[in-house]
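In what follows, a single structure is set out as structure tokens and then discussed.
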Amino acid sequence: MNPSVADQLARVRERVAKACASAGRPESSVTLVAVSKLKPAALIREAYAAGQRDFGENYAQELRDKAVELADLDGLRWHAIGALQTNKVKYVARVAHAFHALERLDVATELSKRRAGMAPLPCYVELNLGGEDTKHGLAPEALPGFLAQVRALPNLQLVGLMALPPPTDDVARMREGFARLRELARTHALSALSMGTTHDFEQAILEGATVVRVGTAIFGDRA
Ligand SMILES: *Cc1c(COP(=O)(O)O)cnc(C)c1O
């Protein structure tokens with residue numbers, strides 16, 4: 001039998017706690033976002049029942065649908081973590097607690113517009129550190145100009161940087177990518193760092209992640 005979501009969540013929480021201890025950081029300094037994309041709402045309920053409150057979704061329509069289906073779960077916080085198109089911004093603006101993949105000014109402008117009348121939306125700018133064509137995210141050189149433009153938007157709150165570094169099994173290289181994101185955030189006076197997935201979240205915590213986005217280790221492989 002497969003381990004339950006509650007068991008897997010408990011394992012991940014232990015690993016987060018251990019990484020925090022190694023880094024000399026309080027556990028409260030890291031938010032675990034359970035990435036539930038492509039997983040049924042029933043599994044989100046299981047994780048919620050086990051105390052999980054922060055959930056990550058990649059696809060705007062899926063987020064919209066799950067937010068409706070799970071509206072009874074008090075205090076659940078949705079993190080939109082995937083690239084967005086302007087025509088889907090409205091779904092995110094209405095329900096998200098944070099947006100982790102800001103990389104386009106037209107999307108930022110539309111998000112700010114759609115967020116009017118609500119608390120400013122905390123946003124992370126996504127960077128493409130490896131210069132990979134297949135990945136989303138802004139080139140580091142474009143960051144200063146982009147930040148200045150986003151800071152002028154009234155209903156967004158820039159909180160930090162996000163990246164999904166090139167996959168590697170080389171721990172030193174993982175750490176390098178995360179350290180680079182941390183330094184860029186520091187340079188631009190941003191305090192939050194959304195980095196680390198199932199594959200590398202412990203290394204990310206050792207390099208200062210304030211948010212880790214973990215899917216597979218909690219919910220199992222995606223189809
Ligand atoms: C899917 C996804 C994750 C989670 O990845 P896992 O390997 O399942 O932990 C994290 N961040 C982003 C942006 C994702 O798309």
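In the structure tokens, chains take letters A, B, ... by order of appearance, with residues numbered from 1 within each chain and ligands from 1 in the order shown.
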
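Non-sequential neighbours of region 135-141 of chain A (distance at most 10 Å, separation of 6 or more positions within a chain, only C-alpha atoms) are Gly82, Ala83, Ala101, Leu102, Glu103, Arg104, Val125, Glu126, Leu127, Asn128, Leu129, Met162, Ala163, Leu164, Pro165, Pro166, Leu181 and Leu184 of chain A.
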
Exercise answer, 8 Å around ligand 1 with only C-alpha atoms and all ligand atoms, as a ChimeraX atom specification: /A:34-35,37,56-58,81-82,100-101,163-164,195-199,212-218,220-222

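Near region 205-211 of chain A, within 9 Å and counting only C-alpha atoms, sit Val16, Ala19, Cys20, Ser22, Ala23, Gly24, Arg25, Ser29, Val30, Thr31, Leu32, Val33, Arg175, Glu176, Phe178, Ala179, Arg182, Ser191, Ala192, Leu193, Ser194, Met195 and Gly196 of chain A; same-chain residues fewer than 6 positions away were not included.
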
Export, as a short mmCIF file (atom, residue, chain, number, x, y, z; two decimals), in the first residue's frame, the selected residues with C-alpha atoms.
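Saved the output as out-v2.cif:
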```cif
data_model
loop_
_atom_site.label_atom_id
_atom_site.label_comp_id
_atom_site.auth_asym_id
_atom_site.auth_seq_id
_atom_site.Cartn_x
_atom_site.Cartn_y
_atom_site.Cartn_z
CA VAL A 16 12.58 20.51 6.84
CA ALA A 19 17.68 21.12 7.52
CA CYS A 20 16.66 24.15 9.60
CA SER A 22 21.69 22.21 10.38
CA ALA A 23 21.40 25.75 9.08
CA GLY A 24 20.95 27.16 12.59
CA ARG A 25 17.59 28.59 11.60
CA SER A 29 11.65 30.73 9.12
CA VAL A 30 10.63 28.27 6.38
CA THR A 31 7.14 27.92 4.91
CA LEU A 32 6.39 24.55 3.38
CA VAL A 33 4.16 24.92 0.33
CA ARG A 175 23.96 25.13 -3.55
CA GLU A 176 25.60 27.51 -6.03
CA PHE A 178 20.48 28.84 -4.55
CA ALA A 179 23.28 31.01 -3.19
CA ARG A 182 20.02 34.67 -2.28
CA SER A 191 13.84 39.26 1.99
CA ALA A 192 11.93 36.21 0.77
CA LEU A 193 13.33 33.30 -1.26
CA SER A 194 11.03 30.73 -2.87
CA MET A 195 13.39 27.91 -3.82
CA GLY A 196 13.75 24.17 -3.43
#
```

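Minimum atom-to-atom distance to Pro122 (chain A), evaluated using only C-alpha atoms, belongs to A:Val159 out of A:Val150, A:Val68, A:Thr109, A:Val159.
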
Compile the contact shell of Tyr48 (chain A) as a PyMOL selection string: residues with an atom at most 12 Å away, counting only C-alpha atoms, same-chain residues fewer than 6 positions apart removed. chain A and resi 5-6+9+33-34+36+41-42+54-55+70+72-77

N, CA, C and O atoms of the current selection, written as a PDB file, in the first residue's frame:
```
ATOM      1  N   VAL A   5      -0.836  10.494   2.590  1.00  0.00           N
ATOM      2  CA  VAL A   5      -0.375  11.880   2.482  1.00  0.00           C
ATOM      3  C   VAL A   5       0.088  12.379   3.846  1.00  0.00           C
ATOM      4  O   VAL A   5       1.113  13.051   3.966  1.00  0.00           O
ATOM      5  N   ALA A   6      -0.643  12.008   4.902  1.00  0.00           N
ATOM      6  CA  ALA A   6      -0.266  12.461   6.250  1.00  0.00           C
ATOM      7  C   ALA A   6       1.127  11.939   6.624  1.00  0.00           C
ATOM      8  O   ALA A   6       1.947  12.678   7.184  1.00  0.00           O
ATOM      9  N   LEU A   9       3.741  13.760   4.450  1.00  0.00           N
ATOM     10  CA  LEU A   9       3.861  15.132   4.928  1.00  0.00           C
ATOM     11  C   LEU A   9       4.703  15.172   6.208  1.00  0.00           C
ATOM     12  O   LEU A   9       5.577  16.035   6.378  1.00  0.00           O
ATOM     13  N   VAL A  33       5.308  24.876   1.243  1.00  0.00           N
ATOM     14  CA  VAL A  33       4.158  24.915   0.335  1.00  0.00           C
ATOM     15  C   VAL A  33       4.011  23.525  -0.279  1.00  0.00           C
ATOM     16  O   VAL A  33       4.944  23.004  -0.899  1.00  0.00           O
ATOM     17  N   ALA A  34       2.868  22.917  -0.067  1.00  0.00           N
ATOM     18  CA  ALA A  34       2.588  21.589  -0.622  1.00  0.00           C
ATOM     19  C   ALA A  34       2.048  21.775  -2.037  1.00  0.00           C
ATOM     20  O   ALA A  34       0.958  22.318  -2.220  1.00  0.00           O
ATOM     21  N   SER A  36       0.228  20.882  -5.084  1.00  0.00           N
ATOM     22  CA  SER A  36      -0.854  19.909  -5.311  1.00  0.00           C
ATOM     23  C   SER A  36      -1.332  19.882  -6.759  1.00  0.00           C
ATOM     24  O   SER A  36      -2.360  19.281  -7.066  1.00  0.00           O
ATOM     25  N   ALA A  41      -8.624  17.109  -5.269  1.00  0.00           N
ATOM     26  CA  ALA A  41      -8.953  17.891  -4.073  1.00  0.00           C
ATOM     27  C   ALA A  41      -8.983  17.016  -2.822  1.00  0.00           C
ATOM     28  O   ALA A  41      -8.660  17.477  -1.724  1.00  0.00           O
ATOM     29  N   ALA A  42      -9.349  15.742  -2.984  1.00  0.00           N
ATOM     30  CA  ALA A  42      -9.425  14.852  -1.811  1.00  0.00           C
ATOM     31  C   ALA A  42      -8.068  14.733  -1.115  1.00  0.00           C
ATOM     32  O   ALA A  42      -7.995  14.648   0.120  1.00  0.00           O
ATOM     33  N   ASP A  54      -0.564  25.729   3.509  1.00  0.00           N
ATOM     34  CA  ASP A  54      -0.086  26.386   2.293  1.00  0.00           C
ATOM     35  C   ASP A  54      -0.011  25.375   1.150  1.00  0.00           C
ATOM     36  O   ASP A  54       0.660  24.344   1.273  1.00  0.00           O
ATOM     37  N   PHE A  55      -0.699  25.694   0.051  1.00  0.00           N
ATOM     38  CA  PHE A  55      -0.743  24.794  -1.101  1.00  0.00           C
ATOM     39  C   PHE A  55      -0.359  25.551  -2.360  1.00  0.00           C
ATOM     40  O   PHE A  55      -0.702  26.724  -2.529  1.00  0.00           O
ATOM     41  N   LEU A  70     -12.801  23.755  -2.488  1.00  0.00           N
ATOM     42  CA  LEU A  70     -12.242  23.637  -1.131  1.00  0.00           C
ATOM     43  C   LEU A  70     -12.484  24.902  -0.307  1.00  0.00           C
ATOM     44  O   LEU A  70     -11.797  25.148   0.686  1.00  0.00           O
ATOM     45  N   ASP A  72     -14.496  25.579   1.820  1.00  0.00           N
ATOM     46  CA  ASP A  72     -14.862  25.347   3.219  1.00  0.00           C
ATOM     47  C   ASP A  72     -13.632  25.180   4.134  1.00  0.00           C
ATOM     48  O   ASP A  72     -13.786  25.144   5.362  1.00  0.00           O
ATOM     49  N   LEU A  73     -12.461  25.061   3.583  1.00  0.00           N
ATOM     50  CA  LEU A  73     -11.266  24.847   4.414  1.00  0.00           C
ATOM     51  C   LEU A  73     -10.715  26.188   4.915  1.00  0.00           C
ATOM     52  O   LEU A  73      -9.974  26.879   4.199  1.00  0.00           O
ATOM     53  N   ASP A  74     -11.067  26.532   6.125  1.00  0.00           N
ATOM     54  CA  ASP A  74     -10.676  27.821   6.697  1.00  0.00           C
ATOM     55  C   ASP A  74      -9.163  27.960   6.791  1.00  0.00           C
ATOM     56  O   ASP A  74      -8.498  27.040   7.271  1.00  0.00           O
ATOM     57  N   GLY A  75      -8.672  29.118   6.384  1.00  0.00           N
ATOM     58  CA  GLY A  75      -7.255  29.410   6.588  1.00  0.00           C
ATOM     59  C   GLY A  75      -6.334  28.768   5.570  1.00  0.00           C
ATOM     60  O   GLY A  75      -5.113  28.897   5.682  1.00  0.00           O
ATOM     61  N   LEU A  76      -6.894  28.076   4.585  1.00  0.00           N
ATOM     62  CA  LEU A  76      -6.049  27.507   3.535  1.00  0.00           C
ATOM     63  C   LEU A  76      -5.498  28.654   2.686  1.00  0.00           C
ATOM     64  O   LEU A  76      -6.225  29.582   2.335  1.00  0.00           O
ATOM     65  N   ARG A  77      -4.205  28.600   2.389  1.00  0.00           N
ATOM     66  CA  ARG A  77      -3.558  29.658   1.593  1.00  0.00           C
ATOM     67  C   ARG A  77      -3.083  29.092   0.263  1.00  0.00           C
ATOM     68  O   ARG A  77      -2.302  28.138   0.232  1.00  0.00           O
TER      69      ARG A  77
END
```

Give me every alpha helix (DSSP H) residue in region 43-194 of chain A, going by DSSP on the backbone, as a ChimeraX atom specification. /A:43-49,60-69,89-95,105-114,143-151,171-187

Selected residue, from A:Leu121, A:Leu63, A:Val107, A:Ala189, that lies nearest to Leu161 (chain A) when counting only C-alpha atoms: A:Ala189

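A straight line drawn from CA of Arg64 (chain A) to CA of Arg114 (chain A) is 14.5 Å long.
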
Test item: residues at most 8 Å from Gln61 (chain A), only C-alpha atoms, excluding those fewer than 3 positions along its chain, as a list in words: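 Selected residues are Arg64, Asp65, Lys88 and Tyr91 of chain A.
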
For the residues in the current selection, export N, CA and C atoms as a PDB file, in the first residue's frame.
```
ATOM      1  N   ARG A  64      -8.421  28.004  -9.773  1.00  0.00           N
ATOM      2  CA  ARG A  64      -9.781  28.550  -9.637  1.00  0.00           C
ATOM      3  C   ARG A  64     -10.771  27.461  -9.201  1.00  0.00           C
ATOM      4  N   ASP A  65     -10.724  26.323  -9.881  1.00  0.00           N
ATOM      5  CA  ASP A  65     -11.669  25.241  -9.595  1.00  0.00           C
ATOM      6  C   ASP A  65     -11.464  24.660  -8.193  1.00  0.00           C
ATOM      7  N   LYS A  88      -5.689  34.837 -17.894  1.00  0.00           N
ATOM      8  CA  LYS A  88      -6.007  33.992 -16.742  1.00  0.00           C
ATOM      9  C   LYS A  88      -5.675  34.667 -15.408  1.00  0.00           C
ATOM     10  N   TYR A  91      -8.123  34.764 -12.278  1.00  0.00           N
ATOM     11  CA  TYR A  91      -8.308  33.624 -11.367  1.00  0.00           C
ATOM     12  C   TYR A  91      -7.324  33.682 -10.198  1.00  0.00           C
TER      13      TYR A  91
END
```

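With only C-alpha atoms as the atoms that count, the residue of A:Ala93, A:Ala223, A:Ala60, A:Ala148 with the shortest distance to Leu38 (chain A) is A:Ala223.
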
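Counting from CA of Leu156 (chain A), the distance to CA of Lys113 (chain A) is 9.3 Å.
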
Of the listed residues A:Gln203, A:His188, A:Gly160, A:Ile44, that which approaches Lys18 (chain A) most closely, counting only C-alpha atoms: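 Closest residue, counting only C-alpha atoms: A:Gln203.
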
Could you write out, as a PyMOL selection string, all the residues of chain A that DSSP marks as strand (DSSP E)? chain A and resi 31-35+54-57+77-80+96-102+121-127+156-163+192-194+211-214

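Taking CA of Asn155 (chain A) as the reference point, CA of Ala119 (chain A) is found at 7.3 Å.
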
Glu14 (chain A) surroundings by only C-alpha atoms, 12 Å radius, close-in-sequence under 6 positions cut, as a ChimeraX atom specification: /A:7-8,20-21,27,32,202

Written selection (C-alpha atoms) as a PDB file, in the first residue's frame:
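For reference, again-v3.pdb as written:
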```pdb
ATOM      1  CA  ASP A   7       2.726  10.116   6.595  1.00  0.00           C
ATOM      2  CA  GLN A   8       4.582  11.636   3.670  1.00  0.00           C
ATOM      3  CA  CYS A  20      16.663  24.148   9.599  1.00  0.00           C
ATOM      4  CA  ALA A  21      18.587  22.759  12.564  1.00  0.00           C
ATOM      5  CA  GLU A  27      11.730  26.124  11.775  1.00  0.00           C
ATOM      6  CA  LEU A  32       6.393  24.551   3.378  1.00  0.00           C
ATOM      7  CA  GLU A 202      17.188  20.674   2.045  1.00  0.00           C
TER       8      GLU A 202
END
```

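Checking A:Arg151, A:Pro144, A:Gly177, A:Ala96 one by one against Gly131 (chain A), counting only C-alpha atoms, you find the shortest gap at A:Gly177.
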